[in-house]
Structure formats: structure tokens, C-alpha cells
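The structure file query36.cif is reproduced below (mmCIF, C-alpha atoms).
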```cif
data_target
loop_
_atom_site.label_atom_id
_atom_site.label_comp_id
_atom_site.auth_asym_id
_atom_site.auth_seq_id
_atom_site.Cartn_x
_atom_site.Cartn_y
_atom_site.Cartn_z
CA MET A 1 -62.06 34.21 77.73
CA ALA A 2 -59.74 31.34 78.31
CA LEU A 3 -60.46 28.04 76.66
CA THR A 4 -61.74 25.27 78.79
CA ALA A 5 -59.89 21.98 78.80
CA TYR A 6 -62.72 20.52 76.75
CA GLN A 7 -62.29 23.11 74.04
CA GLN A 8 -58.53 22.77 74.03
CA GLN A 9 -58.86 19.02 73.74
CA PHE A 10 -61.20 19.40 70.81
CA LYS A 11 -58.85 21.84 69.17
CA ARG A 12 -55.89 19.53 69.60
CA ARG A 13 -57.73 16.46 68.36
CA MET A 14 -59.34 18.20 65.42
CA LYS A 15 -56.08 19.79 64.35
CA ARG A 16 -54.48 16.39 64.24
CA ALA A 17 -57.34 14.79 62.31
CA ILE A 18 -57.48 17.67 59.86
CA SER A 19 -53.79 17.42 59.15
CA LEU A 20 -54.25 13.71 58.47
CA ARG A 21 -57.03 14.55 56.06
CA ALA A 22 -54.92 17.21 54.38
CA LYS A 23 -51.96 14.88 54.09
CA ALA A 24 -54.09 12.21 52.43
CA ASP A 25 -55.50 14.77 50.02
CA GLN A 26 -52.09 16.13 49.13
CA LYS A 27 -50.66 12.70 48.45
CA ALA A 28 -53.72 11.49 46.57
CA ARG A 29 -53.49 14.58 44.40
CA ARG A 30 -49.84 14.01 43.64
CA TYR A 31 -50.16 10.29 42.90
CA THR A 32 -53.22 10.89 40.78
CA GLN A 33 -51.30 13.27 38.56
CA LEU A 34 -48.30 10.95 38.36
CA LEU A 35 -50.45 7.94 37.56
CA ALA A 36 -52.22 9.84 34.81
CA ASP A 37 -48.79 10.70 33.39
CA ALA A 38 -47.69 7.07 33.58
CA ILE A 39 -50.80 5.95 31.72
CA GLY A 40 -50.00 8.57 29.10
CA ALA A 41 -46.49 7.14 28.79
CA ALA A 42 -47.94 3.66 28.41
CA GLU A 43 -50.17 4.92 25.63
CA ASP A 44 -47.18 6.48 23.86
CA ALA A 45 -45.32 3.18 24.13
CA ALA A 46 -48.35 1.32 22.81
CA MET A 47 -48.43 3.59 19.76
CA GLN A 48 -44.83 2.69 19.04
CA MET A 49 -45.45 -0.99 19.56
CA ASN A 50 -48.41 -0.84 17.25
CA GLU A 51 -46.37 0.89 14.58
CA LEU A 52 -43.64 -1.73 14.88
CA ASN A 53 -46.17 -4.52 14.65
CA GLN A 54 -47.43 -3.08 11.40
CA LEU A 55 -44.05 -2.23 9.89
CA TYR A 56 -42.46 -5.58 10.58
CA ASN A 57 -45.60 -7.71 10.50
CA VAL A 58 -45.12 -9.01 14.03
CA ASP A 59 -47.59 -9.28 16.87
CA VAL A 60 -46.14 -8.14 20.17
CA SER A 61 -48.64 -6.95 22.74
CA THR A 62 -48.83 -3.18 22.81
CA TYR A 63 -49.67 -2.90 26.51
CA THR A 64 -48.77 -4.84 29.59
CA LEU A 65 -51.71 -6.36 31.43
CA LEU A 66 -51.71 -3.60 34.02
CA THR A 67 -51.46 -0.67 31.65
CA GLN A 68 -53.99 -2.30 29.35
CA ALA A 69 -56.46 -2.50 32.22
CA LEU A 70 -55.83 1.11 33.20
CA HIS A 71 -56.11 2.22 29.59
CA ALA A 72 -59.29 0.21 28.97
CA ASN A 73 -60.95 1.83 31.97
CA SER A 74 -59.95 5.16 30.41
CA GLY A 75 -57.89 5.62 33.55
CA GLN A 76 -56.16 8.80 32.50
CA GLU A 77 -59.34 10.71 31.74
CA VAL A 78 -60.99 9.50 34.92
CA LEU A 79 -58.03 10.49 37.05
CA VAL A 80 -57.68 13.93 35.52
CA ASP A 81 -61.41 14.33 35.91
CA HIS A 82 -61.15 13.64 39.62
CA LEU A 83 -58.42 16.21 39.91
CA SER A 84 -60.25 18.91 38.03
CA GLN A 85 -63.45 18.43 39.99
CA SER A 86 -61.82 19.19 43.29
CA THR A 87 -59.88 22.23 44.32
CA PRO A 88 -56.63 21.45 46.02
CA GLY A 89 -56.53 20.91 49.62
CA GLU A 90 -57.94 21.53 52.93
CA GLU A 91 -60.72 23.65 54.20
CA LEU A 92 -60.05 26.04 56.99
CA VAL A 93 -61.06 24.81 60.37
CA ILE A 94 -63.35 27.12 62.24
CA PHE A 95 -62.52 26.42 65.83
CA ASN A 96 -64.65 29.11 67.38
CA GLN A 97 -67.86 27.27 66.55
CA VAL A 98 -67.27 24.72 69.25
CA PRO A 99 -69.67 25.17 72.11
CA ASP A 100 -68.22 24.33 75.44
CA GLY A 101 -69.51 21.02 76.67
CA ASN A 102 -68.99 18.38 79.29
CA GLY A 103 -68.71 21.12 81.88
CA GLY A 104 -65.43 22.15 80.32
CA GLN A 105 -63.88 18.82 81.27
CA PRO A 106 -61.86 17.01 78.60
CA LEU A 107 -63.15 13.73 77.30
CA PRO A 108 -61.19 10.58 78.12
CA ALA A 109 -57.95 9.99 76.25
CA ASN A 110 -58.41 7.94 73.12
CA PRO A 111 -55.66 6.07 71.28
CA LEU A 112 -57.47 6.75 68.00
CA PHE A 113 -56.31 10.35 68.28
CA GLY A 114 -52.78 9.33 69.17
CA GLU A 115 -53.23 9.86 72.87
CA LEU A 116 -51.74 7.71 75.59
CA VAL A 117 -54.32 5.76 77.52
CA ALA A 118 -53.56 4.27 80.89
CA GLY A 119 -55.68 1.21 81.50
CA THR A 120 -58.79 0.30 79.59
CA PRO A 121 -60.21 3.20 77.58
CA VAL A 122 -63.75 3.98 78.66
CA LEU A 123 -65.86 6.42 76.69
CA VAL A 124 -67.95 8.50 79.04
CA PRO A 125 -71.15 9.86 77.52
CA VAL A 126 -70.84 13.55 76.73
CA LEU A 127 -74.08 14.49 78.40
CA VAL A 128 -74.00 13.31 81.99
CA PRO A 129 -76.80 14.26 84.37
CA ALA A 130 -75.56 16.87 86.79
CA ALA A 131 -76.36 14.63 89.76
CA ALA A 132 -74.31 11.78 88.35
CA LEU A 133 -71.51 14.16 87.54
CA LYS A 134 -71.41 15.33 91.12
CA ALA A 135 -71.38 11.77 92.35
CA VAL A 136 -68.23 10.89 90.43
CA ALA A 137 -66.56 14.26 90.44
CA VAL A 138 -63.22 14.41 92.18
CA VAL A 139 -63.38 18.18 92.41
CA PRO A 140 -65.45 19.75 95.15
CA SER A 141 -69.07 19.87 94.10
CA ALA A 142 -69.15 23.64 94.35
CA GLU A 143 -66.68 23.82 91.46
CA VAL A 144 -68.62 21.50 89.18
CA PRO A 145 -70.56 23.75 86.85
CA ALA A 146 -74.05 22.68 86.02
CA LEU A 147 -74.26 21.36 82.50
CA GLY A 148 -75.71 23.94 80.19
CA ALA A 149 -74.38 26.79 82.29
CA GLU A 150 -71.82 27.42 79.57
CA ALA A 151 -73.95 26.23 76.70
CA SER A 152 -73.54 29.40 74.66
CA PRO A 153 -70.75 29.10 72.13
CA ALA A 154 -67.60 30.37 73.71
CA ARG A 155 -65.92 32.91 71.48
CA TRP A 156 -62.36 32.00 72.07
CA ASP A 157 -61.09 32.56 68.57
CA ALA A 158 -59.33 35.69 69.79
CA ALA A 159 -57.93 33.86 72.75
CA GLN A 160 -56.09 31.32 70.66
CA ASP A 161 -53.97 34.01 69.07
CA MET B 1 -26.41 -16.57 10.33
CA ALA B 2 -25.85 -12.86 10.62
CA LEU B 3 -28.92 -10.70 10.98
CA THR B 4 -29.78 -8.48 8.05
CA GLY B 5 -30.02 -4.73 8.40
CA TYR B 6 -33.77 -5.10 8.41
CA GLN B 7 -33.70 -7.54 11.31
CA LEU B 8 -31.19 -5.48 13.25
CA GLN B 9 -33.32 -2.41 12.78
CA TYR B 10 -36.39 -4.23 14.02
CA LYS B 11 -34.49 -5.51 17.01
CA ARG B 12 -33.20 -2.06 17.90
CA ARG B 13 -36.56 -0.39 17.49
CA MET B 14 -38.45 -3.10 19.34
CA LYS B 15 -36.02 -3.03 22.24
CA LYS B 16 -36.58 0.69 22.63
CA ALA B 17 -40.36 0.40 22.46
CA LEU B 18 -40.39 -2.50 24.91
CA ALA B 19 -38.30 -0.52 27.35
CA LEU B 20 -40.83 2.31 27.14
CA ARG B 21 -43.66 -0.12 27.71
CA ALA B 22 -41.91 -1.72 30.67
CA LYS B 23 -41.07 1.65 32.21
CA ALA B 24 -44.68 2.79 31.98
CA ASP B 25 -45.78 -0.48 33.56
CA ARG B 26 -43.36 -0.10 36.44
CA GLN B 27 -44.44 3.46 37.10
CA ALA B 28 -48.13 2.66 36.85
CA ARG B 29 -47.73 -0.34 39.14
CA PHE B 30 -45.93 1.69 41.78
CA LEU B 31 -48.38 4.57 41.59
CA VAL B 32 -51.46 2.38 41.67
CA ALA B 33 -50.23 0.87 44.91
CA ARG B 34 -49.35 4.24 46.40
CA LEU B 35 -52.66 5.78 45.42
CA ALA B 36 -54.58 2.90 46.98
CA THR B 37 -52.55 3.30 50.18
CA VAL B 38 -53.17 7.02 50.30
CA LEU B 39 -56.90 6.58 49.80
CA ALA B 40 -56.90 4.23 52.78
CA LEU B 41 -55.12 6.98 54.71
CA GLY B 42 -57.91 9.35 53.73
CA GLU B 43 -60.44 6.88 55.13
CA THR B 44 -58.52 6.78 58.40
CA ALA B 45 -58.66 10.57 58.60
CA ALA B 46 -62.38 10.48 57.82
CA ASP B 47 -62.87 8.00 60.63
CA HIS B 48 -61.04 10.28 63.07
CA ILE B 49 -62.99 13.36 62.06
CA GLY B 50 -66.22 11.40 62.26
CA ARG B 51 -65.41 10.37 65.79
CA ILE B 52 -64.57 13.94 66.76
CA ASN B 53 -67.80 15.18 65.22
CA THR B 54 -69.71 12.66 67.30
CA LEU B 55 -67.83 13.37 70.49
CA TYR B 56 -68.02 17.16 70.30
CA GLY B 57 -71.17 17.68 68.28
CA THR B 58 -69.38 19.37 65.39
CA SER B 59 -69.80 18.81 61.67
CA MET B 60 -66.41 19.05 60.03
CA SER B 61 -66.40 17.44 56.61
CA LEU B 62 -64.87 13.99 56.73
CA ARG B 63 -63.06 14.01 53.41
CA THR B 64 -61.75 16.47 50.90
CA ASP B 65 -63.48 16.67 47.52
CA LEU B 66 -60.80 14.61 45.86
CA VAL B 67 -60.79 11.79 48.36
CA ASP B 68 -64.58 11.79 48.52
CA GLY B 69 -64.76 11.54 44.74
CA TYR B 70 -62.52 8.51 44.82
CA ARG B 71 -64.58 6.95 47.57
CA LEU B 72 -67.81 7.41 45.63
CA ALA B 73 -66.20 5.94 42.54
CA GLY B 74 -64.89 2.94 44.50
CA THR B 75 -61.46 3.69 43.10
CA ALA B 76 -59.31 2.16 45.81
CA ALA B 77 -60.93 -1.24 45.38
CA ALA B 78 -60.77 -0.95 41.61
CA LEU B 79 -57.07 -0.08 41.68
CA ASN B 80 -56.23 -2.99 43.93
CA GLN B 81 -58.20 -5.29 41.68
CA VAL B 82 -56.40 -4.08 38.58
CA ALA B 83 -53.01 -4.44 40.21
CA ALA B 84 -53.82 -7.90 41.52
CA ALA B 85 -55.09 -9.15 38.18
CA SER B 86 -51.95 -8.23 36.27
CA LEU B 87 -48.63 -9.96 36.57
CA GLY B 88 -45.45 -8.20 37.49
CA GLY B 89 -44.57 -6.53 34.27
CA ALA B 90 -43.37 -6.99 30.76
CA PRO B 91 -43.34 -10.27 28.91
CA ALA B 92 -40.04 -11.03 27.22
CA ALA B 93 -39.84 -10.08 23.58
CA VAL B 94 -39.15 -12.77 21.03
CA PHE B 95 -36.64 -11.49 18.55
CA VAL B 96 -35.85 -14.65 16.66
CA ASN B 97 -39.00 -15.17 14.63
CA LEU B 98 -38.68 -12.20 12.31
CA ALA B 99 -38.37 -13.25 8.70
CA ALA B 100 -35.82 -11.30 6.67
CA ASN B 101 -38.25 -9.83 4.19
CA ALA B 102 -37.98 -6.61 2.23
CA GLY B 103 -34.78 -8.06 0.84
CA GLY B 104 -33.01 -7.49 4.14
CA ALA B 105 -32.98 -3.73 3.54
CA MET B 106 -33.79 -1.39 6.41
CA LEU B 107 -37.03 0.52 6.48
CA PRO B 108 -36.82 4.30 6.29
CA PRO B 109 -35.83 6.18 9.46
CA ASP B 110 -38.57 7.11 11.87
CA ALA B 111 -38.27 9.88 14.43
CA ASP B 112 -40.34 8.07 17.05
CA LEU B 113 -39.02 4.58 16.67
CA ASP B 114 -35.29 5.18 16.26
#
```
Here is the file; what I need is its structure written in the form of C-alpha cells.
Amino acid sequence: MALTAYQQQFKRRMKRAISLRAKADQKARRYTQLLADAIGAAEDAAMQMNELNQLYNVDVSTYTLLTQALHANSGQEVLVDHLSQSTPGEELVIFNQVPDGNGGQPLPANPLFGELVAGTPVLVPVLVPAAALKAVAVVPSAEVPALGAEASPARWDAAQD
Amino acid sequence: MALTGYQLQYKRRMKKALALRAKADRQARFLVARLATVLALGETAADHIGRINTLYGTSMSLRTDLVDGYRLAGTAAALNQVAAASLGGAPAAVFVNLAANAGGAMLPPDADLD
């Protein structure tokens, strides 16, 4: 069964949002690891500074203000903890759970999802009474499916391959 | 007045340790900023997915485990606060105030410091 425009729109929008989510996760994961390493390096440097302070009886600060703050908040342990508590990455998107809605018509374009909008974006409610839908429909009323006629989840997972 | 071996050794060792400290500061500063930016990106993605869930009646999770953990911990705000509260880096080392004690003789070699 072919996808309706509504389902295709959902698929396109969700794919984009999911890839944003995955990108953020990937980067957060990488920077978390690197930051934990940097805090480790700062702690190594502080050990050397401390040793020098003792050997030569001087008093130079062992950390910079930033690394001191990160160290004092036990930043490294916290960061590694975050990493270990989450498995890398993105969950699979299950597209075939999307019931067809809005009579198969796509929702209005929305700049939030990177879509071009001509004029003022207006969000139309998803559930429009069939009578109202007919009143504003540009297609002949015979082709406007009654809402709920396709309420059963469309199994179009095969169709997308 | 020429520096004694002891003072020269201190200067050499301290320079090395300060460079390490400064390098770690630079890296941490850069990464703190990047991590905060990326967490904001994760919030943008969560906002998009939330909107899609509302529009299409789905329930895709808004954030990954990692990003959600950071959100719950308030990490982005904490990172920005830490970065804002600290100045840009390493204070200059003062080499001149080291008294030439130990008779000016160098201390024994040290694998870490030298």
C-alpha cells in the first residue's frame, strides 16, 4: 500500500529530527570523553605543580580557575559516569507505527522542520470535522475521505523499501 | 647575578609544569564550550521531536540517554557557569623570588618533572 502524503511527510520530518538528535548525541559523547581526558591532564599537571611547590618551597597554584572548578566538582568522574550510563547512539525509528491521519493530507509546512513556508505559517488542527474539511477542501468532495476511514495503522513498512 | 643550578632547575621544571597546566586549561575551556553548545543542539532536536509527536500522535523519545542525563543533571548551565567564572587561562609564573637554598646545588633528577 502506498504511503499517503501525510505519512511521507511524517517520515521526512521525523527522519530529519532523529538525525539531529543522533548528531547531538554523537558530539556530546565525543566532547564528554575529550573533556574527561582534559581534566585528567589538568590533574596530572597539578600533581607536578604540587611536587614542585614542595621541592622548592614555592607556592604556585596547582590548577587554573577553570580546571580547579572542574576538578572540585569531580568533573571527570561525573562525565565518565554519564558516558557509561548510556549506550551510544540512536534508537531505531519504527516508521510503520504511524497511523494515517488528516485524511492522508500533509500538515502545513513548518520552518521548524526546515521547510519553506510561503506566507504566514498557520497550524491547522489535525482533527478537523469532516464537514469543515469539505468546506475548505480544494479537491472535489467525493475524493475527500471521511476522517477515520483510514484510522487503522497503515502497514507501509514494506512499501518504503 | 647568574642563577645557580638549583634555580635554573626550578625554572626549567616549573616552565614545563606550567605549560602542562596551561594546555589542560585551554583544552578544558574549549571542550566545555563545545559540550554546552552540543547540549543546546540536543535540546533543539528534542523540541523538534516533541513537535512531531504532538502533530502526528507518535511517541518517539525526545533525547538519547546521554543527552537526557545531562539535562537532568543541569550540566549545560553548570558548564557555562564554570566557564564564565574563570578567567582566560594561566596566570604568569613568577620566577624571580626563588631563594638559592640547598647551596645552589640541583635536586636529584625526577622522571616526571624533568
Among the residues B:Leu3, B:Leu31, B:Ala105, B:Ala77, the one that comes closest to chain A [using only C-alpha atoms] = B:Leu31
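For the pair CA of Gln9 (chain B) and CA of Asp114 (chain B), the interatomic distance is 8.6 Å.
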Would you work out the distance separating CA of Ile39 (chain A) from CA of Phe30 (chain B), expressed in Å to one decimal?
-> 12.0 Å
Given the file shown, determine the residues that the PyMOL selection byres ((chain B) within 8 of (chain A)) selects; report them as a ChimeraX atom specification.
-> /B:10,13-14,17-18,20-22,24-25,27-29,31-32,34-35,38-39,41-42,45-46,48-49,52,55-56,58,60,62-67,69-70,82-83,85-87,89-91,93,98,112-113
Quick one: distance from CA of Val117 (chain A) to CA of Gln8 (chain A) in Å, one decimal?
-> 17.9 Å
Return the padded bounding box of region 52-60 of chain B as AutoDock Vina command-line options: axis-aligned, built from all atoms listed in the file, 8 Å added on each side, with centre and edge lengths in Å to one decimal.
```
--center_x -67.9 --center_y 16.0 --center_z 65.3 --size_x 22.6 --size_y 22.7 --size_z 26.5
```
